[in-house]
Every structure is written in structure tokens, then in C-alpha cells.
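Visitor: Sending over input_25.txt (compact mmCIF, C-alpha atoms (C1' of nucleotides)).
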# COMPACT_ATOMS: atom_id res chain seq x y z
CA MET S 1 6.71 56.84 78.74
CA LYS S 2 9.87 57.29 80.68
CA LEU S 3 10.99 60.85 81.25
CA LEU S 4 14.67 61.67 81.25
CA ASP S 5 16.53 64.28 83.21
CA ILE S 6 19.24 66.30 81.61
CA ALA S 7 22.00 64.10 82.93
CA GLU S 8 20.48 61.03 81.32
CA VAL S 9 20.08 62.77 78.02
CA ALA S 10 23.61 64.11 78.27
CA HIS S 11 24.98 60.70 79.02
CA SER S 12 23.16 58.84 76.34
CA THR S 13 23.91 61.36 73.63
CA GLY S 14 27.39 62.28 74.75
CA MET S 15 26.43 65.95 74.68
CA ALA S 16 27.22 68.25 77.59
CA ALA S 17 24.26 69.42 79.65
CA SER S 18 25.17 73.00 78.82
CA ARG S 19 24.74 72.16 75.20
CA LEU S 20 21.30 70.72 75.79
CA ARG S 21 20.24 73.86 77.67
CA PHE S 22 21.65 75.92 74.86
CA TYR S 23 19.65 73.93 72.33
CA GLU S 24 16.51 74.33 74.35
CA GLU S 25 17.05 78.07 74.55
CA LYS S 26 17.45 78.12 70.79
CA GLY S 27 14.23 76.18 70.37
CA LEU S 28 15.92 73.14 68.90
CA ILE S 29 14.61 70.81 71.52
CA GLY S 30 11.91 71.13 74.12
CA SER S 31 11.60 69.82 77.64
CA ILE S 32 8.20 68.52 78.57
CA GLY S 33 8.15 69.99 82.07
CA ARG S 34 10.01 70.25 85.33
CA ARG S 35 10.40 68.36 88.51
CA GLY S 36 11.21 71.21 90.83
CA LEU S 37 13.63 73.21 88.78
CA LYS S 38 14.90 70.28 86.83
CA ARG S 39 14.00 69.78 83.22
CA LEU S 40 12.33 66.61 82.13
CA PHE S 41 12.71 65.36 78.59
CA GLU S 42 10.68 62.86 76.66
CA ALA S 43 12.66 59.96 75.28
CA SER S 44 11.95 61.26 71.80
CA VAL S 45 14.40 64.05 72.41
CA LEU S 46 17.14 61.54 71.74
CA GLU S 47 15.90 61.03 68.22
CA ARG S 48 15.62 64.75 67.79
CA LEU S 49 19.17 65.28 68.96
CA SER S 50 20.37 62.68 66.54
CA LEU S 51 18.73 64.53 63.73
CA ILE S 52 20.25 67.76 64.87
CA ALA S 53 23.70 66.22 64.97
CA LEU S 54 23.09 64.74 61.58
CA ALA S 55 21.95 67.97 60.03
CA GLN S 56 24.96 69.71 61.53
CA THR S 57 27.20 67.21 59.86
CA ALA S 58 25.41 68.02 56.66
CA GLY S 59 26.52 71.61 57.09
CA PHE S 60 23.27 73.19 58.25
CA SER S 61 23.52 75.87 60.91
CA LEU S 62 21.53 75.56 64.10
CA ASP S 63 19.20 78.28 62.89
CA GLU S 64 18.54 76.43 59.67
CA ILE S 65 17.94 73.25 61.60
CA ALA S 66 15.51 75.05 63.86
CA GLY S 67 13.65 76.03 60.72
CA MET S 68 13.17 72.43 59.73
CA PHE S 69 10.73 71.78 62.58
CA ASP S 70 7.50 73.42 63.59
CA GLN S 71 6.55 74.40 67.14
CA THR S 72 5.26 70.96 67.94
CA GLY S 73 8.52 69.45 66.86
CA ARG S 74 7.26 67.83 63.72
CA PRO S 75 9.27 68.42 60.61
CA ARG S 76 7.97 71.52 58.96
CA LEU S 77 5.35 71.21 56.32
CA ASP S 78 6.98 73.46 53.82
CA ARG S 79 7.45 70.85 51.18
CA VAL S 80 9.22 73.16 48.84
CA GLN S 81 11.79 73.96 51.46
CA LEU S 82 12.21 70.37 52.45
CA SER S 83 12.77 69.55 48.86
CA ALA S 84 15.34 72.30 48.56
CA LYS S 85 17.13 71.03 51.64
CA ALA S 86 17.14 67.58 50.13
CA ASP S 87 18.72 68.96 47.00
CA ASP S 88 21.35 70.76 49.05
CA LEU S 89 22.04 67.56 50.82
CA ASP S 90 22.35 65.72 47.58
CA GLN S 91 24.97 68.18 46.41
CA THR S 92 26.84 67.77 49.64
CA ILE S 93 26.65 64.03 49.43
CA ARG S 94 28.05 63.97 45.95
CA ARG S 95 30.86 66.27 46.92
CA LEU S 96 31.71 64.20 49.93
CA GLY S 97 31.55 61.07 47.84
CA ALA S 98 34.11 62.42 45.42
CA LEU S 99 36.22 63.48 48.33
CA ARG S 100 36.01 60.07 49.94
CA ASP S 101 37.05 58.39 46.72
CA GLY S 102 39.92 60.80 46.38
CA LEU S 103 41.09 60.22 49.90
CA ARG S 104 40.90 56.51 49.47
CA HIS S 105 42.82 56.73 46.27
CA ALA S 106 45.43 58.94 47.86
CA ALA S 107 45.78 56.46 50.68
CA ALA S 108 46.38 53.62 48.25
CA CYS S 109 48.15 55.37 45.41
CA PRO S 110 51.72 54.30 44.80
CA ALA S 111 52.84 57.65 43.38
CA PRO S 112 55.77 59.02 45.40
CA SER S 113 54.01 62.32 45.92
CA HIS S 114 50.26 62.76 45.79
CA MET S 115 50.75 65.77 43.62
CA GLU S 116 52.17 63.57 40.90
CA CYS S 117 49.07 61.45 40.80
CA PRO S 118 46.61 62.49 38.12
CA THR S 119 43.64 61.12 40.03
CA PHE S 120 44.51 63.18 43.06
CA ARG S 121 45.03 66.27 40.97
CA ARG S 122 41.67 65.80 39.36
CA LEU S 123 40.14 65.55 42.81
CA LEU S 124 41.70 68.82 43.86
CA LYS S 125 40.31 70.50 40.86
CA GLY S 126 36.88 69.11 41.58
CA ALA S 127 37.01 70.28 45.17
CA VAL S 128 37.73 73.83 44.15
CA GLU S 129 35.05 73.86 41.50
CA SER S 130 32.33 72.53 43.73
CA ARG S 131 33.30 75.14 46.30
CA ARG S 132 32.93 77.71 43.59
CA ARG S 133 29.48 76.49 42.77
CA ARG S 134 28.39 76.85 46.34
CA TRP S 135 29.76 80.34 46.52
CA VAL S 136 27.82 81.26 43.48
CA GLU S 137 24.66 79.85 45.00
CA ASP S 138 25.33 81.77 48.17
CA LEU S 139 25.47 84.98 46.22
CA GLY S 140 22.23 84.27 44.42
CA MET A 1 57.56 81.11 36.27
CA LYS A 2 54.89 83.72 36.60
CA LEU A 3 54.51 85.26 40.03
CA LEU A 4 51.10 86.27 41.27
CA ASP A 5 50.11 89.13 43.49
CA ILE A 6 47.54 88.67 46.17
CA ALA A 7 44.73 90.05 44.05
CA GLU A 8 45.36 87.51 41.34
CA VAL A 9 45.42 84.67 43.82
CA ALA A 10 42.30 86.01 45.46
CA HIS A 11 40.54 86.28 42.18
CA SER A 12 41.46 82.89 40.85
CA THR A 13 40.62 81.05 44.07
CA GLY A 14 37.64 83.13 45.06
CA MET A 15 39.20 83.66 48.49
CA ALA A 16 39.39 87.11 50.06
CA ALA A 17 42.83 88.66 50.28
CA SER A 18 42.42 88.90 54.06
CA ARG A 19 42.00 85.18 54.12
CA LEU A 20 45.18 84.62 52.17
CA ARG A 21 47.12 86.85 54.56
CA PHE A 22 45.58 84.98 57.43
CA TYR A 23 46.66 81.68 55.92
CA GLU A 24 50.17 82.96 55.41
CA GLU A 25 50.35 84.09 59.00
CA LYS A 26 49.24 80.62 60.07
CA GLY A 27 51.92 79.05 57.93
CA LEU A 28 49.47 77.40 55.58
CA ILE A 29 50.83 79.07 52.52
CA GLY A 30 54.00 81.00 51.82
CA SER A 31 54.76 83.94 49.64
CA ILE A 32 58.01 83.78 47.73
CA GLY A 33 58.98 87.40 48.23
CA ARG A 34 57.84 90.94 47.88
CA ARG A 35 57.73 93.64 45.29
CA GLY A 36 57.94 96.64 47.51
CA LEU A 37 55.51 95.73 50.25
CA LYS A 38 53.40 93.50 48.10
CA ARG A 39 53.51 89.77 48.46
CA LEU A 40 54.36 87.67 45.49
CA PHE A 41 53.12 84.12 45.24
CA GLU A 42 54.28 81.27 43.08
CA ALA A 43 51.61 79.79 40.90
CA SER A 44 51.85 76.61 42.95
CA VAL A 45 50.08 78.37 45.78
CA LEU A 46 46.87 77.82 43.86
CA GLU A 47 47.27 74.11 44.09
CA ARG A 48 48.12 74.44 47.72
CA LEU A 49 45.00 76.42 48.35
CA SER A 50 42.95 73.79 46.60
CA LEU A 51 44.38 71.20 48.86
CA ILE A 52 43.55 73.35 51.87
CA ALA A 53 39.98 73.81 50.69
CA LEU A 54 39.70 70.12 50.08
CA ALA A 55 40.96 69.21 53.51
CA GLN A 56 38.58 71.72 55.05
CA THR A 57 35.70 70.13 53.24
CA ALA A 58 36.86 66.81 54.61
CA GLY A 59 36.56 68.27 58.08
CA PHE A 60 40.16 68.98 58.99
CA SER A 61 40.91 72.12 61.01
CA LEU A 62 43.43 74.64 59.76
CA ASP A 63 45.89 73.49 62.39
CA GLU A 64 45.55 69.91 61.28
CA ILE A 65 46.00 70.99 57.70
CA ALA A 66 49.13 72.90 58.61
CA GLY A 67 50.52 69.63 59.87
CA MET A 68 49.98 68.00 56.51
CA PHE A 69 52.91 69.74 54.86
CA ASP A 70 56.60 69.32 55.44
CA GLN A 71 59.12 72.16 55.67
CA THR A 72 59.57 72.29 51.94
CA GLY A 73 55.86 72.60 51.51
CA ARG A 74 55.29 69.20 50.00
CA PRO A 75 52.20 67.48 51.25
CA ARG A 76 53.04 64.96 53.90
CA LEU A 77 49.82 63.08 53.82
CA ASP A 78 49.55 60.24 56.20
CA ARG A 79 47.92 57.42 54.31
CA VAL A 80 46.47 55.94 57.44
CA GLN A 81 44.95 59.28 58.35
CA LEU A 82 43.54 59.67 54.87
CA SER A 83 42.03 56.26 55.00
CA ALA A 84 40.48 56.95 58.38
CA LYS A 85 39.02 60.19 57.11
CA ALA A 86 37.63 58.37 54.12
CA ASP A 87 35.90 55.93 56.44
CA ASP A 88 34.49 58.79 58.49
CA LEU A 89 33.25 60.36 55.37
CA ASP A 90 31.66 57.18 54.23
CA GLN A 91 29.68 56.92 57.44
CA THR A 92 28.59 60.50 57.11
CA ILE A 93 27.59 60.03 53.53
CA ARG A 94 25.39 57.09 54.34
CA ARG A 95 23.69 58.95 57.14
CA LEU A 96 23.17 61.99 55.01
CA GLY A 97 21.71 59.80 52.34
CA ALA A 98 19.12 58.58 54.78
CA LEU A 99 18.38 62.13 55.83
CA ARG A 100 18.04 63.27 52.25
CA ASP A 101 15.66 60.45 51.47
CA GLY A 102 13.71 61.33 54.57
CA LEU A 103 13.39 64.95 53.56
CA ARG A 104 12.46 64.07 50.03
CA HIS A 105 9.85 61.70 51.17
CA ALA A 106 8.54 64.26 53.61
CA ALA A 107 8.21 66.71 50.76
CA ALA A 108 6.17 64.28 48.70
CA CYS A 109 4.27 62.31 51.29
CA PRO A 110 0.54 62.96 51.55
CA ALA A 111 0.30 61.98 55.23
CA PRO A 112 -1.04 64.84 57.36
CA SER A 113 1.95 64.69 59.68
CA HIS A 114 5.25 63.30 58.58
CA MET A 115 5.68 61.47 61.81
CA GLU A 116 2.64 59.42 60.99
CA CYS A 117 4.23 58.22 57.82
CA PRO A 118 5.92 54.88 58.25
CA THR A 119 8.37 55.52 55.45
CA PHE A 120 9.53 58.73 57.02
CA ARG A 121 9.92 57.14 60.40
CA ARG A 122 11.91 54.31 58.95
CA LEU A 123 14.23 56.67 57.14
CA LEU A 124 14.81 58.77 60.20
CA LYS A 125 15.47 55.74 62.23
CA GLY A 126 18.09 54.65 59.73
CA ALA A 127 19.87 57.95 60.08
CA VAL A 128 19.60 57.89 63.82
CA GLU A 129 20.80 54.36 64.26
CA SER A 130 24.00 54.89 62.39
CA ARG A 131 24.50 57.97 64.52
CA ARG A 132 24.06 55.94 67.67
CA ARG A 133 26.68 53.54 66.54
CA ARG A 134 29.10 56.39 66.22
CA TRP A 135 28.41 57.64 69.71
CA VAL A 136 29.11 54.21 71.01
CA GLU A 137 32.38 54.18 69.13
CA ASP A 138 33.20 57.60 70.50
CA LEU A 139 32.59 56.43 74.01
CA GLY A 140 34.65 53.30 73.57
C1' DC B 1 15.01 68.86 109.58
C1' DT B 2 19.14 69.86 107.70
C1' DA B 3 22.74 69.22 104.58
C1' DC B 4 24.14 67.60 100.18
C1' DG B 5 24.56 67.54 95.47
C1' DA B 6 22.42 67.70 91.22
C1' DC B 7 20.26 70.71 89.01
C1' DT B 8 18.96 75.88 87.82
C1' DT B 9 19.77 80.94 85.71
C1' DC B 10 22.33 84.54 83.66
C1' DA B 11 26.32 86.75 82.06
C1' DA B 12 30.61 86.36 80.47
C1' DG B 13 34.27 83.86 78.22
C1' DC B 14 36.44 81.03 74.53
C1' DC B 15 37.74 78.99 70.06
C1' DG B 16 38.10 78.72 65.13
C1' DA B 17 38.09 81.10 61.13
C1' DC B 18 38.01 84.96 59.28
C1' DT B 19 36.75 90.21 58.37
C1' DT B 20 37.06 95.04 59.24
C1' DG B 21 39.15 99.43 60.14
C1' DA B 22 42.65 102.81 60.84
C1' DG B 23 46.69 104.43 59.42
C1' DG B 24 51.06 103.50 56.56
C1' DT B 25 54.01 102.45 52.22
C1' DC B 26 55.22 102.14 47.74
C1' DA B 27 55.25 101.56 42.24
C1' DA B 28 53.30 103.39 38.54
C1' DT B 29 50.94 106.94 35.97
C1' DG B 30 50.03 111.88 34.41
C1' DC R 1 57.50 114.88 41.31
C1' DA R 2 53.03 114.52 43.19
C1' DT R 3 49.03 111.79 43.33
C1' DT R 4 46.59 107.60 43.25
C1' DG R 5 45.23 103.31 44.65
C1' DA R 6 46.47 98.73 45.50
C1' DC R 7 48.67 96.72 48.74
C1' DC R 8 50.65 96.59 53.70
C1' DT R 9 50.38 95.86 59.28
C1' DC R 10 48.28 95.30 63.53
C1' DA R 11 44.52 95.37 66.58
C1' DA R 12 40.03 94.73 67.24
C1' DG R 13 35.57 92.92 65.88
C1' DT R 14 32.23 89.24 64.35
C1' DC R 15 29.79 84.99 64.18
C1' DG R 16 28.54 80.38 65.34
C1' DG R 17 28.53 77.20 68.76
C1' DC R 18 29.18 76.22 72.79
C1' DT R 19 31.54 76.27 77.94
C1' DT R 20 32.45 78.26 82.37
C1' DG R 21 31.56 80.51 86.68
C1' DA R 22 29.01 82.54 90.34
C1' DA R 23 25.07 82.44 92.88
C1' DG R 24 20.58 80.29 93.74
C1' DT R 25 16.93 76.31 94.33
C1' DC R 26 15.30 72.04 95.08
C1' DG R 27 14.20 66.82 96.37
C1' DT R 28 16.10 63.25 98.74
C1' DA R 29 19.24 60.66 102.04
C1' DG R 30 20.78 60.59 106.63
Would you put the structure from the file into C-alpha cells?
Guide:
Amino acid sequence: MKLLDIAEVAHSTGMAASRLRFYEEKGLIGSIGRRGLKRLFEASVLERLSLIALAQTAGFSLDEIAGMFDQTGRPRLDRVQLSAKADDLDQTIRRLGALRDGLRHAAACPAPSHMECPTFRRLLKGAVESRRRRWVEDLG
Amino acid sequence: MKLLDIAEVAHSTGMAASRLRFYEEKGLIGSIGRRGLKRLFEASVLERLSLIALAQTAGFSLDEIAGMFDQTGRPRLDRVQLSAKADDLDQTIRRLGALRDGLRHAAACPAPSHMECPTFRRLLKGAVESRRRRWVEDLG
DNA sequence: CTACGACTTCAAGCCGACTTGAGGTCAATG
DNA sequence: CATTGACCTCAAGTCGGCTTGAAGTCGTAG
């Protein structure tokens, strides 16, 4: 299995080396050893980094993401938590879906001002309400 | 037209007053005057704030959002930009869908380690691959 | 065998998006 | 007319997520 140095990982992910070191420090990724001082990564780190990027997009913090894996790097076995994360994600996905539809509509809508378009107005309302819901959850 | 003080705006949007002041300072919203020291807002600020929240959810920065209004405060939404954002969002949504399915499966799967489960691996790969494609686009 | 350059560490800095705190002002109520 | 308390300003602080800079360490090419 080919081992990658930090520059290779940086190049193929588009992430700065500093960021990879930062992630390692945070326990988000692990290097498999050193050649001299230099870190060596397994190729699988690329997959891991993709997941991290993905989860970030989903709105998870790095700490939360760290919590999704165990020490050995396998996704954590807490099925209840995984399930909860999945539900979170589902919420997010639905929200983003509504948003996407709204944006598309706004881009195509012939109304002179977006504010005069009922569809757009409905979207705004939805955005605020779903935000609300999340706030409520955060408090709970 | 009823004028609102900052507390009313804060309450009906769920945003902290400090945040509203911050937004005003940034030019994102405007107050229509003062009663004594106290800001007075038009009711339309609520709609404006919804739009701001919406754009934030869509991943725009406050500076970008500030650029979405003209001098008179009417949204100046670039349809091309909206469309592009919608496409972004669509990508994200699909990837998140794969991630959600992966997590859900992981929560239900009886395999001792998730990585040994072919379904899980396939789902992750789906998420990762679409991510890769984006990196390539970013590089290009 | 020495010099180069890609890596290393560690601390500090930066940016976005707010929040917090100290001290001030004013309209309304008793 | 004095107090109260909701608002005000301005500066500084916080937090997440990195980046930057100075100083050090290697393996490899010349």
C-alpha cells in the first residue's frame, strides 16, 4: 500500500498542509508513521478527508466530526448517535432542498422584484421557520 | 405603518439585539430613525432579516449578502448567481444524502465493523466520489 | 560530506460572525 | 422631578477553523 507524504495528500485533496497537521492534532486524521520527521499517511486518509469535508458541509463542527470515529478510525459504534446524526442530516437536506428550489425559482421567476413573487415569499418564511426549529432544538 | 424597536425585532426574529446592531453597522439592515437614542425599524426589516438568514443558510457570507441589495434596499439578486448557488446546493444535497444513508445504514447494520459492510463502503464511496469531482472542478 | 529544500514544532496571528462589558442617555412611571 | 430600566456606544473578547512565522531537523542530490 502506497504511503503518502503530506505534500501528496495536500495536493490531491486541495487542502493546505497546515490544515492537515491541524486535523491530525485534533485527532481527525492519523498518520501511520514517519520517515525521519516527515509524516506518512495511508492512502485511506484521502477517503477520511473527504468525509470530513462532507460532514463540514453538512454543518457539523470538527469536534462533532471527531466524535463520529473511534480511535482506530472506524465510524463509531454508537448506533443511536449515528441515527441521530442521520436525522439531523435529513433535516438539513430538506431545508437545503427547499432553499435550492427557491433559488432556482427566483432565478427563473419573471416577477419584477423577487419580493413580489409569492413563491419566493413563501420560501423566506420557510427559511425563518426552519431556523427557528433548530434554535429550539439547540436549547433543548 | 407600525415601527418596531429593537426588542420587538429581536423577539420576532429570534436574533439577539447585539446581532441586529451588528448588522446595521455592516449595512445589512437600516433603522428608519430614533426615538431618543432608540432605533426604530420599519416592519419590512423582518423580511429583510429573513432574506439574510436565508442567504446565510445558502452559504453566502455577510459581505456577499450586503452586495445583494441596492441603495434603496431592494434585493438586487443576480439570477445567474442564484442559479449557480442552486447548483452548488444540489451537489451538496446529493452528497449529504449519501452520507445520511451511510450513517443510517451504519446504525442498523449488524456487521461487526462498519467498514466491513459492503453497503456502507458503497455509500461512503458515493459521497466521496462526488466530492472528488468538486475538487477537480475547483482546481480547473 | 555538505548544502539544499521539504518537511517539522510551537506560538502567535487572522477572519468571520457575533457577544460581552463598562459606562452613558433618555422616556416613562410613581 | 427623581428613579428605573431599556436602550445606547465603543472597545474588547470569544470561538471555530485555520494560516503564518521563526527556528530546527532530516534525507537526498551534487
Visitor: Pair the Cα atoms of chain A and chain S in order, fit the first onto the second, and let me know the RMSD in Å.
Guide: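 With all C-alpha atoms paired in order, the RMSD is 2.5 Å.
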Visitor: Can you pull out the residues contacting B:DA11? Cut-off 12 Å, using only C-alpha atoms (C1' of nucleotides), and skip same-chain residues under 5 positions away; I want them as an MDAnalysis selection string.
Guide: chainID R and resid 20:23
Visitor: What lies within 12 Å of B:DT29 using all atoms listed in the file, ignoring chain neighbours under 3 positions off, as a ChimeraX atom specification?
Guide: /R:1-5
Visitor: Those residues you just picked out, can you put them in a file as a short mmCIF file (atom, residue, chain, number, x, y, z; two decimals), in the coordinates of the input with C-alpha atoms (C1' of nucleotides)?
Guide:
data_model
loop_
_atom_site.label_atom_id
_atom_site.label_comp_id
_atom_site.auth_asym_id
_atom_site.auth_seq_id
_atom_site.Cartn_x
_atom_site.Cartn_y
_atom_site.Cartn_z
"C1'" DC R 1 57.50 114.88 41.31
"C1'" DA R 2 53.03 114.52 43.19
"C1'" DT R 3 49.03 111.79 43.33
"C1'" DT R 4 46.59 107.60 43.25
"C1'" DG R 5 45.23 103.31 44.65
#
Visitor: Could you work out which residues of chain A fall inside 6 Å of chain S? Count all atoms listed in the file, and format the result as a list in words.
Guide: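 Contact residues on the first chain: Ser50, Leu54, Arg79, Leu82, Ser83, Ala86, Ile93, Arg100, Leu103, Arg104, Ala107 and Val128 of chain A.
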Visitor: Quick one: which residues from chain S are at most 12 Å off chain R, using only C-alpha atoms (C1' of nucleotides), as a ChimeraX atom specification?
Guide: /S:15-23,26,34-38,56,60-63
Visitor: With C-alpha atoms kept, could you save the residues just selected as a PDB file, in the frame of the given file?
Guide:
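As a result, part.pdb now contains:
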ATOM      1  CA  MET S  15      26.430  65.950  74.680  1.00  0.00           C
ATOM      2  CA  ALA S  16      27.220  68.250  77.590  1.00  0.00           C
ATOM      3  CA  ALA S  17      24.260  69.420  79.650  1.00  0.00           C
ATOM      4  CA  SER S  18      25.170  73.000  78.820  1.00  0.00           C
ATOM      5  CA  ARG S  19      24.740  72.160  75.200  1.00  0.00           C
ATOM      6  CA  LEU S  20      21.300  70.720  75.790  1.00  0.00           C
ATOM      7  CA  ARG S  21      20.240  73.860  77.670  1.00  0.00           C
ATOM      8  CA  PHE S  22      21.650  75.920  74.860  1.00  0.00           C
ATOM      9  CA  TYR S  23      19.650  73.930  72.330  1.00  0.00           C
ATOM     10  CA  LYS S  26      17.450  78.120  70.790  1.00  0.00           C
ATOM     11  CA  ARG S  34      10.010  70.250  85.330  1.00  0.00           C
ATOM     12  CA  ARG S  35      10.400  68.360  88.510  1.00  0.00           C
ATOM     13  CA  GLY S  36      11.210  71.210  90.830  1.00  0.00           C
ATOM     14  CA  LEU S  37      13.630  73.210  88.780  1.00  0.00           C
ATOM     15  CA  LYS S  38      14.900  70.280  86.830  1.00  0.00           C
ATOM     16  CA  GLN S  56      24.960  69.710  61.530  1.00  0.00           C
ATOM     17  CA  PHE S  60      23.270  73.190  58.250  1.00  0.00           C
ATOM     18  CA  SER S  61      23.520  75.870  60.910  1.00  0.00           C
ATOM     19  CA  LEU S  62      21.530  75.560  64.100  1.00  0.00           C
ATOM     20  CA  ASP S  63      19.200  78.280  62.890  1.00  0.00           C
TER      21      ASP S  63
END
Visitor: Could you state the separation of atom CA of S:Ile6 and atom C1' of B:DT2 in Å, given to one decimal place?
Guide: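 Between atom CA of S:Ile6 and atom C1' of B:DT2 the gap is 26.3 Å.
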Visitor: What does the structure give for the distance between atom C1' of B:DA27 and atom CA of A:Leu28, in Å to one decimal?
Guide: 28.2 Å
Visitor: Which is closest to chain B among S:Val45, S:Asp5, S:Glu116, S:Gly33, if we use all atoms listed in the file?
Guide: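 Using all atoms listed in the file, chain B sits closest to S:Asp5.
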Visitor: How big is the axis-aligned box around all listed atoms of stretch 46-50 of chain A once 4 Å goes on each side, and where's its centre, in Å to one decimal, as lines of an AutoDock Vina configuration file?
Guide:
center_x = 45.5
center_y = 75.8
center_z = 46.1
size_x = 13.2
size_y = 12.0
size_z = 12.5
Visitor: For chain B, list the residues within 10 Å of chain A, counting all atoms listed in the file, and write the list as number ranges by chain.
Guide: B: 16-20, 25-27
Visitor: Quick check, in Å to one decimal: how far apart do atom CA of A:Gln71 and atom CA of A:Ile29 lie?
Guide: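 Value for the atom CA of A:Gln71-atom CA of A:Ile29 distance: 11.2 Å.
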Visitor: At a cut-off of 7 Å, using all atoms listed in the file, what residues contact S:Ile32? Leave out same-chain residues fewer than 2 positions from it and give the result as a list in words.
Guide: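 These residues fall inside the cut-off: Gly30, Leu40, Phe41 and Glu42 of chain S.
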Visitor: Can you write stretch 1-24 of chain A from the block above with C-alpha atoms, as an mmCIF file, in the first residue's frame?
Guide:
data_model
loop_
_atom_site.group_PDB
_atom_site.id
_atom_site.type_symbol
_atom_site.label_atom_id
_atom_site.label_comp_id
_atom_site.auth_asym_id
_atom_site.auth_seq_id
_atom_site.Cartn_x
_atom_site.Cartn_y
_atom_site.Cartn_z
ATOM 1 C CA MET A 1 -47.028 51.758 9.397
ATOM 2 C CA LYS A 2 -46.032 50.383 12.736
ATOM 3 C CA LEU A 3 -42.454 50.994 13.773
ATOM 4 C CA LEU A 4 -40.611 48.397 15.790
ATOM 5 C CA ASP A 5 -37.989 48.845 18.439
ATOM 6 C CA ILE A 6 -35.012 46.582 18.590
ATOM 7 C CA ALA A 7 -36.531 44.353 21.231
ATOM 8 C CA GLU A 8 -39.546 43.647 19.081
ATOM 9 C CA VAL A 9 -37.400 42.840 16.092
ATOM 10 C CA ALA A 10 -35.180 40.683 18.242
ATOM 11 C CA HIS A 11 -38.117 38.845 19.656
ATOM 12 C CA SER A 12 -39.898 38.216 16.415
ATOM 13 C CA THR A 13 -36.795 37.051 14.563
ATOM 14 C CA GLY A 14 -35.159 35.244 17.438
ATOM 15 C CA MET A 15 -31.970 37.225 16.813
ATOM 16 C CA ALA A 16 -30.104 38.916 19.656
ATOM 17 C CA ALA A 17 -30.257 42.697 19.735
ATOM 18 C CA SER A 18 -26.458 42.789 19.537
ATOM 19 C CA ARG A 19 -26.706 40.945 16.287
ATOM 20 C CA LEU A 20 -29.164 43.434 14.867
ATOM 21 C CA ARG A 21 -26.884 46.327 15.813
ATOM 22 C CA PHE A 22 -24.016 44.470 14.252
ATOM 23 C CA TYR A 23 -25.995 44.003 11.054
ATOM 24 C CA GLU A 24 -26.902 47.656 10.971
#
